[in-house]
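File shown here: query_19.pdb, holding PDB, C-alpha atoms.
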ATOM      1  CA  ASP A   1       3.104  -6.140 -14.694  1.00  0.00           C
ATOM      2  CA  ILE A   2       6.252  -4.859 -13.037  1.00  0.00           C
ATOM      3  CA  GLN A   3       7.756  -7.350 -10.592  1.00  0.00           C
ATOM      4  CA  LEU A   4       9.717  -6.203  -7.557  1.00  0.00           C
ATOM      5  CA  THR A   5      12.208  -8.397  -5.746  1.00  0.00           C
ATOM      6  CA  GLN A   6      13.710  -7.599  -2.362  1.00  0.00           C
ATOM      7  CA  SER A   7      16.857  -8.848  -0.706  1.00  0.00           C
ATOM      8  CA  PRO A   8      17.382 -10.137   1.798  1.00  0.00           C
ATOM      9  CA  SER A   9      13.994 -11.609   2.693  1.00  0.00           C
ATOM     10  CA  SER A  10      14.936 -11.313   6.352  1.00  0.00           C
ATOM     11  CA  LEU A  11      17.828 -10.114   8.443  1.00  0.00           C
ATOM     12  CA  SER A  12      18.883  -9.845  12.054  1.00  0.00           C
ATOM     13  CA  ALA A  13      20.537  -6.691  13.287  1.00  0.00           C
ATOM     14  CA  SER A  14      21.534  -5.042  16.525  1.00  0.00           C
ATOM     15  CA  VAL A  15      20.248  -1.807  17.996  1.00  0.00           C
ATOM     16  CA  GLY A  16      22.541   0.914  16.730  1.00  0.00           C
ATOM     17  CA  GLY A  17      23.531  -1.073  13.686  1.00  0.00           C
ATOM     18  CA  ARG A  18      23.192  -0.127  10.036  1.00  0.00           C
ATOM     19  CA  VAL A  19      20.832  -1.959   7.714  1.00  0.00           C
ATOM     20  CA  THR A  20      20.504  -1.896   3.936  1.00  0.00           C
ATOM     21  CA  ILE A  21      17.628  -3.447   2.017  1.00  0.00           C
ATOM     22  CA  SER A  22      17.628  -3.794  -1.758  1.00  0.00           C
ATOM     23  CA  CYS A  23      14.733  -3.686  -4.187  1.00  0.00           C
ATOM     24  CA  ARG A  24      15.001  -4.511  -7.873  1.00  0.00           C
ATOM     25  CA  ALA A  25      12.351  -3.855 -10.512  1.00  0.00           C
ATOM     26  CA  SER A  26      11.796  -6.056 -13.561  1.00  0.00           C
ATOM     27  CA  GLN A  27      11.912  -2.974 -15.803  1.00  0.00           C
ATOM     28  CA  THR A  28      12.852   0.645 -15.377  1.00  0.00           C
ATOM     29  CA  ILE A  29      10.587   2.617 -13.077  1.00  0.00           C
ATOM     30  CA  THR A  30      12.766   5.772 -13.038  1.00  0.00           C
ATOM     31  CA  THR A  31      12.277   6.976  -9.430  1.00  0.00           C
ATOM     32  CA  PHE A  32       8.682   5.829  -8.877  1.00  0.00           C
ATOM     33  CA  LEU A  33       9.733   3.654  -5.955  1.00  0.00           C
ATOM     34  CA  ASN A  34       8.384   3.937  -2.432  1.00  0.00           C
ATOM     35  CA  TRP A  35       9.198   2.259   0.866  1.00  0.00           C
ATOM     36  CA  TYR A  36       6.792   1.249   3.620  1.00  0.00           C
ATOM     37  CA  GLN A  37       7.264  -0.047   7.142  1.00  0.00           C
ATOM     38  CA  GLN A  38       4.755  -2.404   8.695  1.00  0.00           C
ATOM     39  CA  LYS A  39       4.633  -3.662  12.259  1.00  0.00           C
ATOM     40  CA  PRO A  40       2.527  -6.651  13.304  1.00  0.00           C
ATOM     41  CA  GLY A  41      -1.165  -5.818  13.547  1.00  0.00           C
ATOM     42  CA  GLN A  42      -0.677  -2.349  12.100  1.00  0.00           C
ATOM     43  CA  ALA A  43      -1.263  -0.692   8.770  1.00  0.00           C
ATOM     44  CA  PRO A  44       1.753   0.086   6.597  1.00  0.00           C
ATOM     45  CA  LYS A  45       3.450   3.437   7.037  1.00  0.00           C
ATOM     46  CA  LEU A  46       5.035   5.410   4.216  1.00  0.00           C
ATOM     47  CA  LEU A  47       8.725   6.087   4.855  1.00  0.00           C
ATOM     48  CA  ILE A  48      10.227   7.133   1.534  1.00  0.00           C
ATOM     49  CA  TYR A  49       8.561   8.222  -1.694  1.00  0.00           C
ATOM     50  CA  ALA A  50      10.003   8.876  -5.146  1.00  0.00           C
ATOM     51  CA  ALA A  51      13.049   6.768  -4.265  1.00  0.00           C
ATOM     52  CA  SER A  52      14.746   9.249  -1.966  1.00  0.00           C
ATOM     53  CA  HIS A  53      12.238  11.669  -0.462  1.00  0.00           C
ATOM     54  CA  LEU A  54      11.725  11.289   3.261  1.00  0.00           C
ATOM     55  CA  GLN A  55       8.060  11.357   4.249  1.00  0.00           C
ATOM     56  CA  SER A  56       7.158  14.057   6.737  1.00  0.00           C
ATOM     57  CA  GLY A  57       7.671  12.935  10.316  1.00  0.00           C
ATOM     58  CA  VAL A  58       9.959  10.007   9.451  1.00  0.00           C
ATOM     59  CA  PRO A  59      13.314  10.065  11.287  1.00  0.00           C
ATOM     60  CA  SER A  60      16.346  11.057   9.249  1.00  0.00           C
ATOM     61  CA  ARG A  61      18.082   7.751  10.000  1.00  0.00           C
ATOM     62  CA  PHE A  62      15.957   6.373   7.144  1.00  0.00           C
ATOM     63  CA  SER A  63      17.182   7.085   3.632  1.00  0.00           C
ATOM     64  CA  GLY A  64      16.445   5.874   0.137  1.00  0.00           C
ATOM     65  CA  ASN A  65      18.472   5.789  -3.017  1.00  0.00           C
ATOM     66  CA  GLY A  66      18.410   4.532  -6.570  1.00  0.00           C
ATOM     67  CA  SER A  67      16.809   4.965  -9.963  1.00  0.00           C
ATOM     68  CA  GLY A  68      15.945   2.837 -12.956  1.00  0.00           C
ATOM     69  CA  THR A  69      15.722  -0.708 -11.647  1.00  0.00           C
ATOM     70  CA  ASP A  70      17.867  -0.805  -8.488  1.00  0.00           C
ATOM     71  CA  PHE A  71      16.979   0.824  -5.191  1.00  0.00           C
ATOM     72  CA  THR A  72      18.047   0.693  -1.566  1.00  0.00           C
ATOM     73  CA  LEU A  73      16.586   1.579   1.787  1.00  0.00           C
ATOM     74  CA  ALA A  74      19.081   2.259   4.537  1.00  0.00           C
ATOM     75  CA  ILE A  75      18.577   2.659   8.250  1.00  0.00           C
ATOM     76  CA  SER A  76      21.662   4.272   9.721  1.00  0.00           C
ATOM     77  CA  SER A  77      21.284   3.464  13.405  1.00  0.00           C
ATOM     78  CA  LEU A  78      18.625   0.914  14.199  1.00  0.00           C
ATOM     79  CA  GLN A  79      16.278   1.760  17.020  1.00  0.00           C
ATOM     80  CA  PRO A  80      14.066  -0.729  18.868  1.00  0.00           C
ATOM     81  CA  GLU A  81      10.994   0.670  17.109  1.00  0.00           C
ATOM     82  CA  ASP A  82      12.521  -0.069  13.685  1.00  0.00           C
ATOM     83  CA  PHE A  83      12.141  -3.811  13.959  1.00  0.00           C
ATOM     84  CA  ALA A  84       9.431  -4.461  11.400  1.00  0.00           C
ATOM     85  CA  THR A  85       8.820  -5.624   7.843  1.00  0.00           C
ATOM     86  CA  TYR A  86       9.771  -3.299   5.010  1.00  0.00           C
ATOM     87  CA  TYR A  87       8.150  -3.275   1.586  1.00  0.00           C
ATOM     88  CA  CYS A  88       9.145  -1.522  -1.595  1.00  0.00           C
ATOM     89  CA  GLN A  89       6.373  -0.472  -3.967  1.00  0.00           C
ATOM     90  CA  GLN A  90       6.312   0.893  -7.501  1.00  0.00           C
ATOM     91  CA  SER A  91       3.922   3.600  -8.663  1.00  0.00           C
ATOM     92  CA  PHE A  92       5.418   3.925 -12.162  1.00  0.00           C
ATOM     93  CA  ASN A  93       2.375   2.352 -13.730  1.00  0.00           C
ATOM     94  CA  THR A  94      -0.711   0.339 -12.945  1.00  0.00           C
ATOM     95  CA  PRO A  95      -1.149  -2.184 -11.652  1.00  0.00           C
ATOM     96  CA  GLN A  96       1.018  -0.856  -8.885  1.00  0.00           C
ATOM     97  CA  THR A  97       2.943  -3.628  -7.170  1.00  0.00           C
ATOM     98  CA  PHE A  98       4.725  -4.329  -3.892  1.00  0.00           C
ATOM     99  CA  GLY A  99       7.856  -6.279  -3.231  1.00  0.00           C
ATOM    100  CA  PRO A 100       7.616  -9.408  -1.073  1.00  0.00           C
ATOM    101  CA  GLY A 101       8.963  -7.670   2.014  1.00  0.00           C
ATOM    102  CA  THR A 102      12.068  -7.799   4.210  1.00  0.00           C
ATOM    103  CA  LYS A 103      11.655  -8.666   7.859  1.00  0.00           C
ATOM    104  CA  VAL A 104      14.115  -6.974  10.189  1.00  0.00           C
ATOM    105  CA  ASP A 105      14.390  -8.533  13.607  1.00  0.00           C
ATOM    106  CA  ILE A 106      16.587  -8.212  16.636  1.00  0.00           C
ATOM    107  CA  LYS A 107      19.937  -9.987  16.761  1.00  0.00           C
TER     108      LYS A 107
ATOM    109  CA  GLN B   1      -5.660  14.835  10.854  1.00  0.00           C
ATOM    110  CA  VAL B   2      -6.278  12.370   8.050  1.00  0.00           C
ATOM    111  CA  GLN B   3      -8.473   9.499   9.119  1.00  0.00           C
ATOM    112  CA  LEU B   4      -9.634   6.519   7.080  1.00  0.00           C
ATOM    113  CA  VAL B   5     -12.054   3.996   8.520  1.00  0.00           C
ATOM    114  CA  GLU B   6     -12.896   0.823   6.644  1.00  0.00           C
ATOM    115  CA  SER B   7     -16.061  -1.173   7.257  1.00  0.00           C
ATOM    116  CA  GLY B   8     -18.067  -3.970   5.695  1.00  0.00           C
ATOM    117  CA  GLY B   9     -15.747  -6.892   6.291  1.00  0.00           C
ATOM    118  CA  GLY B  10     -16.885 -10.210   7.646  1.00  0.00           C
ATOM    119  CA  VAL B  11     -17.356 -13.860   6.777  1.00  0.00           C
ATOM    120  CA  VAL B  12     -18.826 -14.614   3.355  1.00  0.00           C
ATOM    121  CA  GLN B  13     -19.350 -17.818   1.414  1.00  0.00           C
ATOM    122  CA  PRO B  14     -17.411 -18.521  -1.781  1.00  0.00           C
ATOM    123  CA  GLY B  15     -19.129 -17.099  -4.839  1.00  0.00           C
ATOM    124  CA  ARG B  16     -20.964 -14.422  -2.874  1.00  0.00           C
ATOM    125  CA  SER B  17     -20.455 -10.656  -2.878  1.00  0.00           C
ATOM    126  CA  LEU B  18     -19.406  -8.082  -0.327  1.00  0.00           C
ATOM    127  CA  ARG B  19     -19.058  -4.316  -0.409  1.00  0.00           C
ATOM    128  CA  LEU B  20     -16.413  -2.545   1.620  1.00  0.00           C
ATOM    129  CA  SER B  21     -16.623   1.108   2.544  1.00  0.00           C
ATOM    130  CA  CYS B  22     -13.941   3.542   3.605  1.00  0.00           C
ATOM    131  CA  ALA B  23     -15.003   6.764   5.288  1.00  0.00           C
ATOM    132  CA  ALA B  24     -12.478   9.581   5.044  1.00  0.00           C
ATOM    133  CA  SER B  25     -12.027  12.720   7.084  1.00  0.00           C
ATOM    134  CA  GLY B  26      -9.429  15.359   7.813  1.00  0.00           C
ATOM    135  CA  PHE B  27      -8.726  16.335   4.199  1.00  0.00           C
ATOM    136  CA  THR B  28     -10.504  17.433   1.017  1.00  0.00           C
ATOM    137  CA  PHE B  29     -11.578  13.999  -0.164  1.00  0.00           C
ATOM    138  CA  GLY B  30     -12.475  15.069  -3.696  1.00  0.00           C
ATOM    139  CA  HIS B  31      -8.898  16.166  -4.374  1.00  0.00           C
ATOM    140  CA  TYR B  32      -7.203  12.784  -4.002  1.00  0.00           C
ATOM    141  CA  ALA B  33      -7.133   9.412  -5.691  1.00  0.00           C
ATOM    142  CA  MET B  34      -7.879   6.496  -3.411  1.00  0.00           C
ATOM    143  CA  HIS B  35      -6.399   2.994  -3.274  1.00  0.00           C
ATOM    144  CA  TRP B  36      -7.402  -0.417  -1.984  1.00  0.00           C
ATOM    145  CA  VAL B  37      -4.660  -2.803  -0.847  1.00  0.00           C
ATOM    146  CA  ARG B  38      -5.024  -6.181   0.822  1.00  0.00           C
ATOM    147  CA  GLN B  39      -2.924  -8.533   2.912  1.00  0.00           C
ATOM    148  CA  ALA B  40      -3.682 -12.233   3.230  1.00  0.00           C
ATOM    149  CA  PRO B  41      -2.947 -13.766   6.637  1.00  0.00           C
ATOM    150  CA  GLY B  42       0.807 -13.978   7.143  1.00  0.00           C
ATOM    151  CA  LYS B  43       1.514 -12.698   3.639  1.00  0.00           C
ATOM    152  CA  GLY B  44       2.705  -9.507   1.990  1.00  0.00           C
ATOM    153  CA  LEU B  45       0.858  -6.511   0.644  1.00  0.00           C
ATOM    154  CA  GLU B  46      -1.091  -6.724  -2.603  1.00  0.00           C
ATOM    155  CA  TRP B  47      -2.211  -3.567  -4.399  1.00  0.00           C
ATOM    156  CA  LEU B  48      -5.730  -3.993  -5.759  1.00  0.00           C
ATOM    157  CA  ALA B  49      -7.207  -0.857  -7.244  1.00  0.00           C
ATOM    158  CA  ILE B  50      -7.122   2.905  -7.597  1.00  0.00           C
ATOM    159  CA  ILE B  51      -9.799   5.447  -8.454  1.00  0.00           C
ATOM    160  CA  SER B  52      -9.068   8.971  -9.598  1.00  0.00           C
ATOM    161  CA  PHE B  53      -9.977  12.013  -7.540  1.00  0.00           C
ATOM    162  CA  ASP B  54     -13.080  12.617  -9.687  1.00  0.00           C
ATOM    163  CA  GLY B  55     -14.065   8.977 -10.098  1.00  0.00           C
ATOM    164  CA  ASN B  56     -13.534   9.032 -13.857  1.00  0.00           C
ATOM    165  CA  SER B  57     -10.601   6.627 -14.002  1.00  0.00           C
ATOM    166  CA  GLU B  58      -9.934   3.350 -12.267  1.00  0.00           C
ATOM    167  CA  PHE B  59      -7.378   0.589 -12.549  1.00  0.00           C
ATOM    168  CA  PHE B  60      -7.150  -2.879 -11.076  1.00  0.00           C
ATOM    169  CA  ALA B  61      -4.730  -5.661 -10.318  1.00  0.00           C
ATOM    170  CA  ASP B  62      -4.992  -8.650 -12.632  1.00  0.00           C
ATOM    171  CA  SER B  63      -6.121 -10.838  -9.722  1.00  0.00           C
ATOM    172  CA  VAL B  64      -9.361  -8.886  -9.203  1.00  0.00           C
ATOM    173  CA  ARG B  65     -10.073  -7.240 -12.545  1.00  0.00           C
ATOM    174  CA  GLY B  66     -13.551  -8.210 -13.702  1.00  0.00           C
ATOM    175  CA  ARG B  67     -14.633  -9.313 -10.198  1.00  0.00           C
ATOM    176  CA  PHE B  68     -14.041  -6.170  -8.126  1.00  0.00           C
ATOM    177  CA  THR B  69     -15.154  -2.627  -8.815  1.00  0.00           C
ATOM    178  CA  ILE B  70     -14.134   0.599  -7.115  1.00  0.00           C
ATOM    179  CA  SER B  71     -16.296   3.682  -6.765  1.00  0.00           C
ATOM    180  CA  ARG B  72     -16.498   6.820  -4.685  1.00  0.00           C
ATOM    181  CA  ASP B  73     -19.014   9.288  -3.326  1.00  0.00           C
ATOM    182  CA  ASN B  74     -17.195  12.582  -2.984  1.00  0.00           C
ATOM    183  CA  PRO B  75     -19.962  14.483  -1.156  1.00  0.00           C
ATOM    184  CA  LYS B  76     -19.947  11.694   1.461  1.00  0.00           C
ATOM    185  CA  SER B  77     -16.135  11.342   1.492  1.00  0.00           C
ATOM    186  CA  THR B  78     -16.389   7.598   1.008  1.00  0.00           C
ATOM    187  CA  VAL B  79     -14.749   5.095  -1.298  1.00  0.00           C
ATOM    188  CA  PHE B  80     -16.141   1.644  -1.947  1.00  0.00           C
ATOM    189  CA  LEU B  81     -14.846  -1.725  -3.069  1.00  0.00           C
ATOM    190  CA  GLN B  82     -17.484  -4.028  -4.504  1.00  0.00           C
ATOM    191  CA  MET B  83     -16.229  -7.596  -4.441  1.00  0.00           C
ATOM    192  CA  ASN B  84     -18.067 -10.237  -6.470  1.00  0.00           C
ATOM    193  CA  SER B  85     -17.482 -13.937  -7.058  1.00  0.00           C
ATOM    194  CA  LEU B  86     -15.406 -14.151  -3.917  1.00  0.00           C
ATOM    195  CA  ARG B  87     -12.920 -16.992  -3.533  1.00  0.00           C
ATOM    196  CA  ALA B  88     -11.062 -18.443  -0.603  1.00  0.00           C
ATOM    197  CA  ASP B  89      -7.868 -16.716  -1.723  1.00  0.00           C
ATOM    198  CA  ASP B  90      -9.600 -13.334  -1.358  1.00  0.00           C
ATOM    199  CA  THR B  91      -9.407 -13.837   2.411  1.00  0.00           C
ATOM    200  CA  ALA B  92      -7.371 -10.901   3.690  1.00  0.00           C
ATOM    201  CA  VAL B  93      -7.299  -7.654   5.580  1.00  0.00           C
ATOM    202  CA  TYR B  94      -8.414  -4.945   3.174  1.00  0.00           C
ATOM    203  CA  TYR B  95      -6.952  -1.462   3.545  1.00  0.00           C
ATOM    204  CA  CYS B  96      -8.026   1.745   1.896  1.00  0.00           C
ATOM    205  CA  ALA B  97      -5.393   4.415   1.441  1.00  0.00           C
ATOM    206  CA  ARG B  98      -5.241   8.007   0.301  1.00  0.00           C
ATOM    207  CA  ASP B  99      -2.883   8.925  -2.489  1.00  0.00           C
ATOM    208  CA  LEU B 100       0.160  11.065  -1.839  1.00  0.00           C
ATOM    209  CA  ASN B 101      -0.613  13.495  -4.649  1.00  0.00           C
ATOM    210  CA  ARG B 102      -3.525  15.799  -5.320  1.00  0.00           C
ATOM    211  CA  TYR B 103      -5.293  15.448  -8.675  1.00  0.00           C
ATOM    212  CA  ALA B 104      -2.953  12.699  -9.892  1.00  0.00           C
ATOM    213  CA  PHE B 105      -2.126   9.025  -9.492  1.00  0.00           C
ATOM    214  CA  GLY B 106       0.671   8.349  -7.074  1.00  0.00           C
ATOM    215  CA  ASN B 107       1.389   5.966  -4.243  1.00  0.00           C
ATOM    216  CA  PRO B 108      -0.582   5.331  -1.059  1.00  0.00           C
ATOM    217  CA  GLU B 109       0.244   7.764   1.723  1.00  0.00           C
ATOM    218  CA  TYR B 110      -2.263   7.517   4.556  1.00  0.00           C
ATOM    219  CA  TRP B 111      -3.817   4.143   5.412  1.00  0.00           C
ATOM    220  CA  GLY B 112      -6.826   2.966   7.342  1.00  0.00           C
ATOM    221  CA  GLN B 113      -6.572   0.208   9.929  1.00  0.00           C
ATOM    222  CA  GLY B 114      -8.135  -2.352   7.634  1.00  0.00           C
ATOM    223  CA  THR B 115     -11.158  -4.627   7.645  1.00  0.00           C
ATOM    224  CA  LEU B 116     -10.936  -8.417   7.604  1.00  0.00           C
ATOM    225  CA  VAL B 117     -12.721 -10.383   4.909  1.00  0.00           C
ATOM    226  CA  THR B 118     -12.933 -14.141   5.346  1.00  0.00           C
ATOM    227  CA  VAL B 119     -14.230 -16.232   2.483  1.00  0.00           C
ATOM    228  CA  ALA B 120     -15.272 -19.627   3.777  1.00  0.00           C
ATOM    229  CA  SER B 121     -18.168 -22.008   3.608  1.00  0.00           C
TER     230      SER B 121
END
Take the structure in the file and give it back as structure tokens.
Amino acid sequence: DIQLTQSPSSLSASVGGRVTISCRASQTITTFLNWYQQKPGQAPKLLIYAASHLQSGVPSRFSGNGSGTDFTLAISSLQPEDFATYYCQQSFNTPQTFGPGTKVDIK
Amino acid sequence: QVQLVESGGGVVQPGRSLRLSCAASGFTFGHYAMHWVRQAPGKGLEWLAIISFDGNSEFFADSVRGRFTISRDNPKSTVFLQMNSLRADDTAVYYCARDLNRYAFGNPEYWGQGTLVTVAS
């Protein structure tokens, strides 16, 4: 199975700040990497698919990059509603797998 | 709009079985693969299973292969997760999700709100 690691596991940031989250795969997954946001008590929400494609309705302050084994999610100007946990996920093969998550909270 | 509503969760004793359902609406159900994903209390997301748009292919996570089965009823726009030989570590919120792509395997796009399964004696 493909393992995904995320760094950092948590971070504190200010409203208006820039955040970058990394995701590394244990083998190449080309661009089959997706990012989800989850808030407490809610279902996950798809933000980015195929490494860099912004899901419809997601603000443009979110962006994704990378290919092969190394990927990043960036949030350019944090808004209060962005404080949440972010998960990367690979759909290169089955079983699909998720990273352990990165919790973003308010500084 | 796409809507997914899970049902069938509850408290079940270890070793027993439970069947979850996910009723879909707002899209052509028979065109999309469907996923099940779970989240144990306070933990991360765990992908469990996928079934193809036509029900002819299915894949599972190692943790549930051989114990869980996935099926679908396209005329009723419903996907099922049959869970057998349940263990305490199967306690989680179970989400169904629609695939991003039509007629292919991709990643989860739309998610239901989840149903809680508690395995305890």
Report, in Å with one decimal, the straight-line distance from CA of Thr78 in chain B to CA of Ser17 in chain B. 19.1 Å
Per-axis box centre and lengths in Å around range 86-101 of chain B, 4 Å margin per side, axis-aligned, as AutoDock Vina command-line options:
--center_x -7.6 --center_y -2.5 --center_z 0.5 --size_x 23.6 --size_y 39.9 --size_z 18.2
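Take CA of Arg102 in chain B and CA of Gln39 in chain B: the distance between them is 25.7 Å.
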Using only C-alpha atoms, select each residue of chain B with any atom at most 7 Å away from an atom of chain A, and give the selection as an MDAnalysis selection string. chainID B and resid 44:47 59:61 106:107 109 111:113
If we count only C-alpha atoms, what is near Asp99 in chain B at a cut-off of 8 Å, once residues fewer than 5 positions away on the same chain are taken out, given as a PyMOL selection string? chain B and resi 32-35+105-110
So what does the PyMOL selection byres ((chain B and resi 72) around 9) actually pick up in this one, as a ChimeraX atom specification? /B:34,51,53-55,70-71,73-74,76-81
Check which residues satisfy the PyMOL selection byres ((chain B and resi 15) around 8) in the file shown, then give them as a PyMOL selection string. chain B and resi 13-14+16-17+84-87
Of the candidates B:Gln3, B:Val37, B:Gly30, B:Ala88, which shows the shortest atom-to-atom distance to Ser52 in chain B, using all atoms listed in the file? B:Gly30
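Atom pair CA of Asn65 in chain A / CA of Arg18 in chain A: separated by 15.1 Å.
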What residues come out when you apply the PyMOL selection byres ((chain A and resi 104) around 6) to this file, written as a count of residues only? 8
Excluding range 19-28 of chain A and its own-chain neighbours fewer than 3 positions away, which residues fall within 7 Å of it when counting only C-alpha atoms? Please give them as an mmCIF file with C-alpha atoms, in the coordinates of the input.
data_model
loop_
_atom_site.group_PDB
_atom_site.id
_atom_site.type_symbol
_atom_site.label_atom_id
_atom_site.label_comp_id
_atom_site.auth_asym_id
_atom_site.auth_seq_id
_atom_site.Cartn_x
_atom_site.Cartn_y
_atom_site.Cartn_z
ATOM 1 C CA ILE A 2 6.252 -4.859 -13.037
ATOM 2 C CA GLN A 3 7.756 -7.350 -10.592
ATOM 3 C CA LEU A 4 9.717 -6.203 -7.557
ATOM 4 C CA THR A 5 12.208 -8.397 -5.746
ATOM 5 C CA GLN A 6 13.710 -7.599 -2.362
ATOM 6 C CA SER A 7 16.857 -8.848 -0.706
ATOM 7 C CA PRO A 8 17.382 -10.137 1.798
ATOM 8 C CA GLY A 68 15.945 2.837 -12.956
ATOM 9 C CA THR A 69 15.722 -0.708 -11.647
ATOM 10 C CA ASP A 70 17.867 -0.805 -8.488
ATOM 11 C CA PHE A 71 16.979 0.824 -5.191
ATOM 12 C CA THR A 72 18.047 0.693 -1.566
ATOM 13 C CA LEU A 73 16.586 1.579 1.787
ATOM 14 C CA ALA A 74 19.081 2.259 4.537
ATOM 15 C CA ILE A 75 18.577 2.659 8.250
ATOM 16 C CA SER A 76 21.662 4.272 9.721
ATOM 17 C CA CYS A 88 9.145 -1.522 -1.595
#
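Each of B:Leu18, B:Met83, B:Ile50, B:Val5 was compared to Thr115 in chain B using all atoms listed in the file, and B:Val5 turns out to be the nearest.
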